[in-house]
Amino acid sequence: MTINISPKLVDTIVIPGDCVSEIDPLFNSSIHLGPGLRVQHERIVSEKSGILRIKTTKTTTKAWIESKNEGSYQPSIGDKVICTVIRKTNEAFYCTIVDGDGCDARLDVLNFDGATKRHYPSLKVGASIYTRVISLDPVELSCCAPKGYNAVDWVYSDRVLFGELVSGFIQSIRPGMAKNILLSSNKIMEQMGQVVTYECAIGVNGRIWLHVPENKNLSWMLLQELKSAPLNPTPVYYKKLKRRLREYLLSSNNMDNTMRDDDDDEDEQA
């Protein structure tokens with residue numbers, strides 16, 4: 001298949017009807033057209049408004065339209081998701097990965113690195129877990145490290161790739177927005193990290209967990225920044241974002257100093 005997508009179109013906004021590529025009609029397809037794209041008269045055209053995304057591997061090319069208002073999440077094998085335990089047995093934890101859809105995924109108690117039938121995580125109902133999808137119909141989850149990663153016993157919770165998310169806050173966003181934040185071209189998390197030290201996990205099912213040690217207000221502020229971020233952030237946006245964070249930290253520090261000064265005055269009067 002011959003496909004000539006202009007580099008100028010990648011990561012830019014397109015609208016329904018826009019031609020994103022001319023193609024050879026006698027192709028042996030190695031390209032996968034994702035949401036928002038279709039073939040029309042030997043052309044690939046957009047079916048909706050959004051940002052054109054391209055991902056190329058050694059064997060295939062995937063193209064799709066990323067929309068901030070993308071609909072509900074549909075699981076795919078390999079997806080990293082944040083789920084909530086709603087029921088458990090001696091053999092498995094049953095979780096929800098889509099808000100409002102009830103029990104829709106199973107996490108076997110042995111699907112943790114180092115777990116045995118007698119020795120596995122004791123997760124409570126309501127616990128939030130960062131995990132990955134390993135099979136569909138029904139959806140099966142795993143907290144084991146995938147191939148290529150070092151497996152760490154689940155008891156070392158501060159070192160594992162997947163597992164229970166403790167402390168912090170969880171925010172629901174559009175699945176399309178979650179995927180957009182994870183793109184290599186999106187530097188919003190890197191830019192926030194230049195100002196604030198934080199922990200974060202993003203599930204492509206549209207859930208973000210974020211934790212700033214000993215600062216719940218800042219944790220919540222960063223979540224709102226991620227939720228409201230534009231699909232295609234610009235250098236100007238990054239500059240304003242870092243300025244907002246620095247101003248918040250400065251005002252927060254001043255408030256803490258004022259409170260400490262007040263405490264000192266009360267101690268002197270006593």
# chains A, B, ... in the order shown; residues from 1 in each chain; ligands from 1
>>> residues_around(residues="segment 78-92 of chain A", least_positions_apart="5", cutoff="6 Å", atoms="only C-alpha atoms", output="PyMOL selection string")
chain A and resi 97+107-109+125-134+203-205
>>> write_last_selection(atoms="C-alpha atoms", output="CSV table (one decimal), in the first residue's frame")
chain,number,residue,atom,x,y,z
A,97,ILE,CA,-13.1,-0.6,34.4
A,107,LEU,CA,-8.3,-10.2,38.2
A,108,ASP,CA,-7.1,-13.6,39.3
A,109,VAL,CA,-5.3,-13.6,42.7
A,125,VAL,CA,-13.7,-3.7,48.1
A,126,GLY,CA,-13.4,-0.2,46.8
A,127,ALA,CA,-9.6,-0.5,46.3
A,128,SER,CA,-8.2,1.2,43.1
A,129,ILE,CA,-5.8,-0.8,41.0
A,130,TYR,CA,-3.5,0.0,38.1
A,131,THR,CA,-3.5,-3.1,35.9
A,132,ARG,CA,-3.5,-4.2,32.3
A,133,VAL,CA,-5.9,-6.1,30.0
A,134,ILE,CA,-4.6,-9.6,29.0
A,203,GLY,CA,-5.6,4.4,32.5
A,204,VAL,CA,-6.7,4.5,28.9
A,205,ASN,CA,-10.2,3.7,30.2
>>> select_by_dssp(residues="segment 63-247 of chain A", states="strand (DSSP E or B)", output="MDAnalysis selection string")
chainID A and resid 63:66 80:88 92:96 105:108 128:135 140:142 163:164 169:172 199:203 207:211
>>> write_last_selection(atoms="C-alpha atoms", output="PDB file, in the first residue's frame")
ATOM      1  CA  ALA A  63      -3.834   6.135  11.873  1.00  0.00           C
ATOM      2  CA  TRP A  64      -6.792   7.589  13.739  1.00  0.00           C
ATOM      3  CA  ILE A  65      -8.558  10.796  14.728  1.00  0.00           C
ATOM      4  CA  GLU A  66      -8.151  11.757  18.374  1.00  0.00           C
ATOM      5  CA  LYS A  80      -3.239  -0.183  30.923  1.00  0.00           C
ATOM      6  CA  VAL A  81      -6.313   0.692  33.000  1.00  0.00           C
ATOM      7  CA  ILE A  82      -7.322   1.862  36.460  1.00  0.00           C
ATOM      8  CA  CYS A  83     -10.093  -0.279  37.905  1.00  0.00           C
ATOM      9  CA  THR A  84     -12.073  -0.516  41.152  1.00  0.00           C
ATOM     10  CA  VAL A  85     -12.669  -3.725  43.124  1.00  0.00           C
ATOM     11  CA  ILE A  86     -16.388  -4.256  43.673  1.00  0.00           C
ATOM     12  CA  ARG A  87     -16.391  -7.931  44.743  1.00  0.00           C
ATOM     13  CA  LYS A  88     -13.859 -10.584  45.704  1.00  0.00           C
ATOM     14  CA  ALA A  92     -10.290 -13.539  42.065  1.00  0.00           C
ATOM     15  CA  PHE A  93     -11.094  -9.861  42.406  1.00  0.00           C
ATOM     16  CA  TYR A  94     -13.979  -8.603  40.274  1.00  0.00           C
ATOM     17  CA  CYS A  95     -13.577  -5.060  39.070  1.00  0.00           C
ATOM     18  CA  THR A  96     -15.207  -2.312  37.093  1.00  0.00           C
ATOM     19  CA  ALA A 105     -13.392  -7.545  34.528  1.00  0.00           C
ATOM     20  CA  ARG A 106     -11.727 -10.345  36.490  1.00  0.00           C
ATOM     21  CA  LEU A 107      -8.326 -10.163  38.203  1.00  0.00           C
ATOM     22  CA  ASP A 108      -7.077 -13.589  39.320  1.00  0.00           C
ATOM     23  CA  SER A 128      -8.245   1.178  43.107  1.00  0.00           C
ATOM     24  CA  ILE A 129      -5.797  -0.849  41.009  1.00  0.00           C
ATOM     25  CA  TYR A 130      -3.488   0.021  38.139  1.00  0.00           C
ATOM     26  CA  THR A 131      -3.480  -3.055  35.914  1.00  0.00           C
ATOM     27  CA  ARG A 132      -3.515  -4.203  32.297  1.00  0.00           C
ATOM     28  CA  VAL A 133      -5.902  -6.102  30.043  1.00  0.00           C
ATOM     29  CA  ILE A 134      -4.620  -9.556  29.017  1.00  0.00           C
ATOM     30  CA  SER A 135      -7.708 -11.115  27.398  1.00  0.00           C
ATOM     31  CA  GLU A 140      -9.202 -10.611  32.245  1.00  0.00           C
ATOM     32  CA  LEU A 141      -6.698  -8.382  34.035  1.00  0.00           C
ATOM     33  CA  SER A 142      -3.152  -8.862  35.298  1.00  0.00           C
ATOM     34  CA  GLY A 163      -0.927  -2.859  41.796  1.00  0.00           C
ATOM     35  CA  GLU A 164      -3.050  -1.009  44.317  1.00  0.00           C
ATOM     36  CA  PHE A 169      -6.939  11.205  44.030  1.00  0.00           C
ATOM     37  CA  ILE A 170      -8.606   9.651  40.990  1.00  0.00           C
ATOM     38  CA  GLN A 171     -10.249  11.747  38.289  1.00  0.00           C
ATOM     39  CA  SER A 172     -12.418  10.445  35.441  1.00  0.00           C
ATOM     40  CA  GLU A 199       3.285  10.260  41.222  1.00  0.00           C
ATOM     41  CA  CYS A 200       0.796   9.540  38.470  1.00  0.00           C
ATOM     42  CA  ALA A 201      -0.895   6.610  36.717  1.00  0.00           C
ATOM     43  CA  ILE A 202      -3.099   7.039  33.657  1.00  0.00           C
ATOM     44  CA  GLY A 203      -5.580   4.415  32.535  1.00  0.00           C
ATOM     45  CA  ARG A 207      -9.098   7.445  34.805  1.00  0.00           C
ATOM     46  CA  ILE A 208      -6.122   9.330  36.212  1.00  0.00           C
ATOM     47  CA  TRP A 209      -4.565   8.751  39.631  1.00  0.00           C
ATOM     48  CA  LEU A 210      -2.264  11.430  40.990  1.00  0.00           C
ATOM     49  CA  HIS A 211      -0.483  11.865  44.312  1.00  0.00           C
TER      50      HIS A 211
END
